[in-house]
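Undergrad: Following this line is protein_7.txt, made up of compact mmCIF, C-alpha atoms:
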# COMPACT_ATOMS: atom_id res chain seq x y z
CA MET W 1 88.43 99.80 95.96
CA ILE W 2 90.40 99.52 92.71
CA GLU W 3 92.58 102.40 93.89
CA LEU W 4 93.16 100.60 97.20
CA ALA W 5 94.16 97.37 95.40
CA LYS W 6 96.55 99.30 93.19
CA THR W 7 98.18 100.86 96.22
CA LYS W 8 98.59 97.44 97.81
CA THR W 9 100.18 96.07 94.65
CA GLN W 10 102.56 99.01 94.52
CA LEU W 11 103.46 98.54 98.16
CA ASP W 12 104.18 94.85 97.60
CA ALA W 13 106.36 95.61 94.61
CA GLU W 14 108.26 98.22 96.61
CA PHE W 15 108.69 95.85 99.51
CA GLU W 16 110.02 93.20 97.17
CA SER W 17 112.51 95.72 95.84
CA LEU W 18 113.56 96.63 99.38
CA TYR W 19 113.98 92.95 100.24
CA ARG W 20 115.98 92.21 97.10
CA THR W 21 118.24 95.23 97.52
CA HIS W 22 118.95 94.90 101.23
CA LEU W 23 118.83 91.19 102.02
CA ARG W 24 122.62 91.01 102.07
CA ASP W 25 122.91 94.19 104.18
CA VAL W 26 120.52 92.87 106.80
CA TYR W 27 122.13 89.43 106.78
CA THR W 28 125.64 90.88 107.08
CA TYR W 29 124.62 93.14 109.96
CA ALA W 30 122.81 90.25 111.67
CA TYR W 31 125.79 87.96 111.24
CA TYR W 32 128.26 90.42 112.75
CA ARG W 33 125.83 91.08 115.59
CA VAL W 34 124.88 87.53 116.60
CA GLY W 35 127.99 85.66 115.48
CA ASN W 36 126.58 82.59 113.78
CA HIS W 37 124.68 81.77 110.60
CA HIS W 38 121.69 80.12 112.30
CA ASP W 39 120.79 83.11 114.46
CA ALA W 40 121.68 85.52 111.66
CA GLU W 41 119.13 83.82 109.39
CA ASP W 42 116.51 83.94 112.12
CA LEU W 43 117.20 87.61 112.78
CA THR W 44 117.04 88.39 109.06
CA GLU W 45 113.66 86.64 108.74
CA GLN W 46 112.26 88.47 111.74
CA THR W 47 113.56 91.78 110.45
CA PHE W 48 111.82 91.47 107.09
CA LEU W 49 108.60 90.17 108.62
CA GLN W 50 108.47 93.12 110.99
CA ALA W 51 109.46 95.46 108.18
CA TYR W 52 106.56 94.24 106.07
CA ARG W 53 104.08 94.88 108.86
CA HIS W 54 105.15 98.50 109.19
CA PHE W 55 106.26 99.14 105.61
CA ALA W 56 103.43 101.46 104.55
CA ARG W 57 103.87 103.71 107.58
CA ALA W 58 107.65 103.73 107.25
CA GLN W 59 107.33 104.82 103.64
CA GLN W 60 105.02 107.66 104.59
CA GLU W 61 107.28 108.83 107.38
CA SER W 62 110.53 108.42 105.44
CA ASP W 63 109.58 111.31 103.16
CA GLY W 64 111.52 109.78 100.28
CA ARG W 65 114.67 109.03 102.27
CA PRO W 66 116.27 105.56 101.90
CA LEU W 67 114.78 102.87 104.12
CA ARG W 68 118.01 100.98 104.79
CA PRO W 69 118.66 102.73 108.14
CA TRP W 70 115.11 101.85 109.20
CA LEU W 71 115.69 98.19 108.30
CA ILE W 72 119.00 98.08 110.16
CA ARG W 73 117.37 99.74 113.15
CA ILE W 74 114.75 96.98 113.22
CA ALA W 75 117.53 94.38 113.10
CA HIS W 76 119.41 96.30 115.82
CA ASN W 77 116.35 96.30 118.12
CA LEU W 78 115.56 92.64 117.43
CA ALA W 79 119.17 91.68 118.17
CA ALA W 80 118.97 93.58 121.46
CA ASN W 81 115.78 91.68 122.35
CA HIS W 82 117.45 88.43 121.29
CA TYR W 83 120.16 88.91 123.90
CA ARG W 84 117.81 90.25 126.52
CA ASN W 85 115.48 87.25 126.15
CA ARG W 86 118.16 84.62 126.08
CA SER W 87 120.38 86.39 128.61
CA ARG W 88 123.54 85.38 126.89
CA ARG W 89 126.56 87.14 125.55
CA PRO W 90 126.83 87.57 121.81
CA GLN W 91 129.00 85.01 120.06
CA SER W 92 130.51 87.80 118.07
CA PRO W 93 132.30 86.63 114.93
CA LEU W 94 134.91 89.13 115.96
CA GLN W 95 135.76 86.66 118.71
CA ASP W 96 135.61 83.58 116.53
CA SER W 97 138.37 82.53 114.15
CA GLU W 98 136.03 80.14 112.28
CA SER W 99 133.77 83.05 111.43
CA LEU W 100 136.77 84.93 110.13
CA ALA W 101 137.40 82.03 107.78
CA ALA W 102 133.76 82.05 106.69
CA ALA W 103 133.81 85.74 105.91
CA HIS W 104 137.01 85.83 103.87
CA SER W 105 138.45 84.02 100.90
CA THR W 106 141.29 81.54 101.31
CA GLU W 107 143.73 83.80 99.45
CA GLU W 108 142.93 86.71 101.73
CA LEU W 109 143.45 84.60 104.79
CA VAL W 110 146.76 83.23 103.59
CA ALA W 111 147.99 86.67 102.59
CA GLY W 112 146.82 88.68 105.54
CA ARG W 113 145.39 86.54 108.29
CA ASP W 114 147.56 88.06 110.98
CA GLU W 115 146.71 91.58 109.91
CA LEU W 116 142.97 90.93 109.70
CA ALA W 117 143.01 89.02 112.97
CA ARG W 118 144.69 92.00 114.65
CA VAL W 119 142.06 94.38 113.32
CA LEU W 120 139.23 92.11 114.41
CA GLU W 121 140.80 91.71 117.83
CA ALA W 122 141.00 95.49 118.19
CA VAL W 123 137.42 95.98 116.96
CA LYS W 124 136.24 93.39 119.45
CA GLN W 125 137.60 95.48 122.31
CA LEU W 126 135.74 98.64 121.32
CA PRO W 127 132.60 99.76 123.18
CA GLU W 128 129.44 98.35 121.60
CA ASP W 129 128.19 101.57 120.00
CA ARG W 130 131.56 102.21 118.34
CA ARG W 131 131.75 98.62 117.13
CA GLU W 132 128.24 98.83 115.65
CA ALA W 133 129.03 102.08 113.90
CA LEU W 134 132.11 100.48 112.32
CA ILE W 135 130.08 97.46 111.14
CA MET W 136 127.55 99.80 109.52
CA ARG W 137 130.28 101.87 107.90
CA PHE W 138 132.68 99.18 106.72
CA SER W 139 130.45 96.12 106.23
CA LEU W 140 127.41 97.91 104.85
CA GLY W 141 129.04 101.02 103.41
CA MET W 142 126.56 103.33 105.16
CA ASP W 143 127.33 107.03 105.32
CA ASN W 144 127.18 109.14 108.49
CA ARG W 145 123.59 110.21 107.93
CA GLU W 146 122.38 106.64 107.42
CA ILE W 147 124.26 105.42 110.50
CA ALA W 148 122.84 108.31 112.52
CA ARG W 149 119.29 107.30 111.58
CA ALA W 150 119.95 103.63 112.32
CA LEU W 151 121.40 104.41 115.74
CA GLY W 152 118.92 107.16 116.56
CA ARG W 153 121.65 109.80 116.98
CA SER W 154 122.37 113.16 115.41
CA ASP W 155 124.62 113.38 112.35
CA GLY W 156 127.22 115.27 114.38
CA ALA W 157 127.25 112.77 117.22
CA THR W 158 127.63 109.93 114.72
CA LYS W 159 130.54 111.62 112.99
CA VAL W 160 132.28 111.98 116.35
CA LEU W 161 131.43 108.37 117.27
CA ILE W 162 133.04 106.98 114.12
CA HIS W 163 136.05 109.28 114.37
CA ARG W 164 136.68 108.17 117.95
CA ALA W 165 136.12 104.51 117.04
CA ILE W 166 138.77 104.64 114.33
CA LYS W 167 141.18 106.60 116.51
CA GLN W 168 140.76 104.16 119.39
CA LEU W 169 141.25 101.27 117.00
CA GLU W 170 144.48 102.73 115.65
CA GLU W 171 145.76 103.29 119.17
CA ARG W 172 144.96 99.73 120.18
CA MET W 173 146.64 98.31 117.11
CA ALA W 174 149.72 100.46 117.61
CA LEU W 175 149.86 99.34 121.21
CA ALA W 176 149.56 95.70 120.19
CA GLU W 177 152.41 96.08 117.71
CA GLY W 178 154.69 97.66 120.31
CA PRO W 179 157.29 100.41 119.79
CA ALA W 180 158.79 100.62 116.28
CA MET D 1 151.15 100.35 112.27
CA SER D 2 151.92 99.91 108.59
CA GLY D 3 149.11 102.05 107.10
CA PRO D 4 145.65 103.55 107.53
CA VAL D 5 143.22 101.31 109.32
CA GLU D 6 140.22 101.92 107.02
CA PRO D 7 141.29 99.57 104.19
CA LEU D 8 141.99 96.87 106.77
CA LEU D 9 138.54 97.38 108.29
CA GLU D 10 136.94 97.04 104.86
CA ARG D 11 138.60 93.65 104.45
CA ALA D 12 138.09 92.47 108.02
CA LEU D 13 134.40 93.40 108.08
CA ALA D 14 133.62 92.20 104.56
CA PRO D 15 129.93 91.79 103.64
CA ILE D 16 128.61 88.25 103.98
CA ASP D 17 126.37 86.65 101.38
CA PRO D 18 123.26 85.04 102.86
CA PRO D 19 122.77 81.31 102.22
CA ALA D 20 121.13 80.66 98.86
CA ASP D 21 118.12 79.00 100.45
CA LEU D 22 117.38 81.81 102.91
CA SER D 23 114.42 83.03 100.82
CA THR D 24 112.88 79.55 100.99
CA ARG D 25 113.33 79.48 104.75
CA VAL D 26 111.78 82.92 105.08
CA MET D 27 108.81 81.67 103.06
CA ARG D 28 108.42 78.59 105.27
CA ARG D 29 108.52 80.80 108.33
CA LEU D 30 105.89 83.10 106.90
CA GLU D 31 103.76 80.12 105.86
CA GLY D 32 103.95 78.79 109.40
CA ILE D 33 102.83 82.09 110.86
CA HIS D 34 100.11 82.40 108.23
CA ASP D 35 98.79 78.85 108.91
CA GLN D 36 98.87 79.44 112.65
CA ALA D 37 96.89 82.64 112.25
CA THR D 38 94.37 80.87 109.99
CA GLU D 39 93.87 78.07 112.52
CA GLU D 40 93.38 80.67 115.22
CA LEU D 41 90.61 82.25 113.18
CA ASP D 42 89.03 78.88 112.30
CA GLY D 43 88.84 77.93 115.96
CA TRP D 44 87.28 81.18 116.95
CA GLU D 45 83.65 80.61 117.78
CA LEU D 46 81.13 83.24 116.91
CA ALA D 47 79.75 83.20 120.44
CA SER D 48 83.01 84.53 121.79
CA MET D 49 82.41 87.77 119.90
CA ARG D 50 79.86 88.76 122.50
CA ASP D 51 82.68 89.27 124.98
CA PRO D 52 84.99 92.10 123.85
CA ARG D 53 87.81 90.59 125.89
CA ASN D 54 87.95 87.80 123.30
CA TRP D 55 88.39 90.16 120.36
CA VAL D 56 92.07 90.86 120.82
CA ARG D 57 93.62 87.47 119.89
CA PRO D 58 91.63 86.83 116.71
CA ALA D 59 92.18 90.41 115.62
CA ALA D 60 95.93 90.01 116.19
CA ALA D 61 95.84 86.70 114.32
CA LEU D 62 94.10 88.39 111.42
CA VAL D 63 96.71 91.14 111.26
CA VAL D 64 99.64 88.72 111.53
CA GLY D 65 98.11 86.29 109.04
CA THR D 66 97.37 88.98 106.51
CA ALA D 67 100.84 90.49 106.72
CA ALA D 68 102.56 87.13 106.56
CA GLY D 69 100.37 85.93 103.69
CA ALA D 70 101.00 89.04 101.67
CA ALA D 71 104.73 88.96 102.36
CA LEU D 72 104.66 85.34 101.26
CA VAL D 73 103.23 86.29 97.89
CA VAL D 74 105.87 88.97 97.47
CA LEU D 75 108.72 86.61 98.27
CA ARG D 76 107.34 83.85 96.05
CA VAL D 77 107.39 86.29 93.16
CA HIS D 78 110.93 87.21 94.12
CA GLN D 79 111.98 83.56 94.20
CA ARG D 80 110.35 82.84 90.84
CA ARG D 81 112.24 85.76 89.31
CA GLN D 82 115.48 84.49 90.79
CA ALA D 83 114.81 81.00 89.46
CA GLY D 84 114.23 82.64 86.09
CA GLY D 85 117.79 83.96 86.12
CA ALA D 86 117.22 87.54 87.26
CA SER D 87 120.07 89.16 89.18
CA PRO D 88 119.40 89.35 92.93
CA ARG D 89 120.92 92.82 93.25
Please go through the file and, once you have read it, give me the structure as structure tokens.
TA:
Amino acid sequence: MIELAKTKTQLDAEFESLYRTHLRDVYTYAYYRVGNHHDAEDLTEQTFLQAYRHFARAQQESDGRPLRPWLIRIAHNLAANHYRNRSRRPQSPLQDSESLAAAHSTEELVAGRDELARVLEAVKQLPEDRREALIMRFSLGMDNREIARALGRSDGATKVLIHRAIKQLEERMALAEGPA
Amino acid sequence: MSGPVEPLLERALAPIDPPADLSTRVMRRLEGIHDQATEELDGWELASMRDPRNWVRPAAALVVGTAAGAALVVLRVHQRRQAGGASPR
């Protein structure tokens, strides 16, 4: 019984650490997925509540690997359910200039608003899986292996996905700029 | 295009800090779920145990309430540490 209580205490401490370390990651992902702070907060809450329920099993199955991809996958699935249930299109911040202002400092916006707006416009036009991979890579700093686990793909397929996303983005931006 | 797209992507898709009171809101949400689960258990009459079809809801309430209650404790500790000046990351 004492051993069981100790295990529970350890689990709680580890969950707290997970929460503390990845709150911003989950919130950032949620925000770029749902496009507004209210729904992003709701999605973040739901993600951590669900994570807590399955934390012990996830730890056992992770075999020592980082749990961030698992957390992001939970958020990914909850976001998919969010849209399925409400039958509405995402208000992606990539489509919203106010969200751009919220995500960047005033100096950045003054210095490079056009440039950032062009990138966001190009990202917005990518297929969903490519866009998600770019959010995981550039917002969360996840490597290929982490992204692969979050998306449920192989490492190789993920590498190709990101490569193609960046290539397509460059092509779109070049096209938008016109001939030199 | 003037340069590689990766640095632009890093700026355009910058991480976003959650609102400072998000932890409090998470706690309230967990408290709500915990209270709801407790009420569910309180209202569960012993007689209903005779019918196995009635076991599912209270059992689910127990699971949800326990998880939410425990998560609540964890996050309260986290909030106390933050209030004490500990770095969140």
Undergrad: Restrict the calculation to all atoms listed in the file, then for each residue of chain W with any atom at most 8 Å from an atom of chain D give the closest atom pair and their distance in Å to one decimal, rows by chain and rising residue number, as JSON lines.
TA:
{"residue": "W:Asp12", "atom": "CA", "partner": "D:Val74", "partner_atom": "CA", "distance": 6.1}
{"residue": "W:Ala13", "atom": "CA", "partner": "D:Val74", "partner_atom": "CA", "distance": 7.2}
{"residue": "W:Phe15", "atom": "CA", "partner": "D:Val74", "partner_atom": "CA", "distance": 7.7}
{"residue": "W:Glu16", "atom": "CA", "partner": "D:Val74", "partner_atom": "CA", "distance": 5.9}
{"residue": "W:Arg20", "atom": "CA", "partner": "D:Pro88", "partner_atom": "CA", "distance": 6.1}
{"residue": "W:Thr21", "atom": "CA", "partner": "D:Arg89", "partner_atom": "CA", "distance": 5.6}
{"residue": "W:Leu23", "atom": "CA", "partner": "D:Pro18", "partner_atom": "CA", "distance": 7.6}
{"residue": "W:Arg24", "atom": "CA", "partner": "D:Asp17", "partner_atom": "CA", "distance": 5.8}
{"residue": "W:Asp25", "atom": "CA", "partner": "D:Pro15", "partner_atom": "CA", "distance": 7.4}
{"residue": "W:Tyr27", "atom": "CA", "partner": "D:Pro18", "partner_atom": "CA", "distance": 6.0}
{"residue": "W:Thr28", "atom": "CA", "partner": "D:Ile16", "partner_atom": "CA", "distance": 5.0}
{"residue": "W:Tyr31", "atom": "CA", "partner": "D:Ile16", "partner_atom": "CA", "distance": 7.8}
{"residue": "W:Glu41", "atom": "CA", "partner": "D:Leu22", "partner_atom": "CA", "distance": 7.0}
{"residue": "W:Glu45", "atom": "CA", "partner": "D:Val26", "partner_atom": "CA", "distance": 5.5}
{"residue": "W:Leu49", "atom": "CA", "partner": "D:Ala68", "partner_atom": "CA", "distance": 7.1}
{"residue": "W:Tyr52", "atom": "CA", "partner": "D:Ala71", "partner_atom": "CA", "distance": 6.7}
{"residue": "W:Arg53", "atom": "CA", "partner": "D:Ala67", "partner_atom": "CA", "distance": 5.9}
{"residue": "W:Leu100", "atom": "CA", "partner": "D:Ala12", "partner_atom": "CA", "distance": 7.9}
{"residue": "W:Ala103", "atom": "CA", "partner": "D:Ile16", "partner_atom": "CA", "distance": 6.1}
{"residue": "W:His104", "atom": "CA", "partner": "D:Ala14", "partner_atom": "CA", "distance": 7.2}
{"residue": "W:Glu115", "atom": "CA", "partner": "D:Leu8", "partner_atom": "CA", "distance": 7.8}
{"residue": "W:Leu116", "atom": "CA", "partner": "D:Ala12", "partner_atom": "CA", "distance": 5.4}
{"residue": "W:Ala117", "atom": "CA", "partner": "D:Ala12", "partner_atom": "CA", "distance": 7.8}
{"residue": "W:Val119", "atom": "CA", "partner": "D:Leu9", "partner_atom": "CA", "distance": 6.8}
{"residue": "W:Leu120", "atom": "CA", "partner": "D:Ala12", "partner_atom": "CA", "distance": 6.5}
{"residue": "W:Ile135", "atom": "CA", "partner": "D:Leu13", "partner_atom": "CA", "distance": 6.7}
{"residue": "W:Phe138", "atom": "CA", "partner": "D:Glu10", "partner_atom": "CA", "distance": 5.1}
{"residue": "W:Ser139", "atom": "CA", "partner": "D:Pro15", "partner_atom": "CA", "distance": 5.1}
{"residue": "W:Leu140", "atom": "CA", "partner": "D:Pro15", "partner_atom": "CA", "distance": 6.7}
{"residue": "W:Ile166", "atom": "CA", "partner": "D:Val5", "partner_atom": "CA", "distance": 7.5}
{"residue": "W:Leu169", "atom": "CA", "partner": "D:Val5", "partner_atom": "CA", "distance": 7.9}
{"residue": "W:Glu170", "atom": "CA", "partner": "D:Val5", "partner_atom": "CA", "distance": 6.6}
{"residue": "W:Met173", "atom": "CA", "partner": "D:Met1", "partner_atom": "CA", "distance": 6.9}
{"residue": "W:Ala174", "atom": "CA", "partner": "D:Met1", "partner_atom": "CA", "distance": 5.5}
{"residue": "W:Glu177", "atom": "CA", "partner": "D:Met1", "partner_atom": "CA", "distance": 7.0}
Undergrad: Using Å and a single decimal, report how far CA of Leu43 in chain W sits from CA of His22 in chain W.
TA: 13.8 Å
Undergrad: Work out how far apart CA of His76 in chain W and CA of Val34 in chain W are and give it in Å to one decimal.
TA: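 Those two atoms sit 10.4 Å apart.
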Undergrad: Please report the interatomic distance between CA of Gln46 in chain W and CA of Arg130 in chain W in Å with one decimal.
TA: 24.6 Å
Undergrad: If you count only C-alpha atoms, which residues fall within 7 Å of range 141-152 of chain W, apart from same-chain ones fewer than 6 positions away, as a PyMOL selection string?
TA: chain W and resi 69-70+72-73+133+158-159
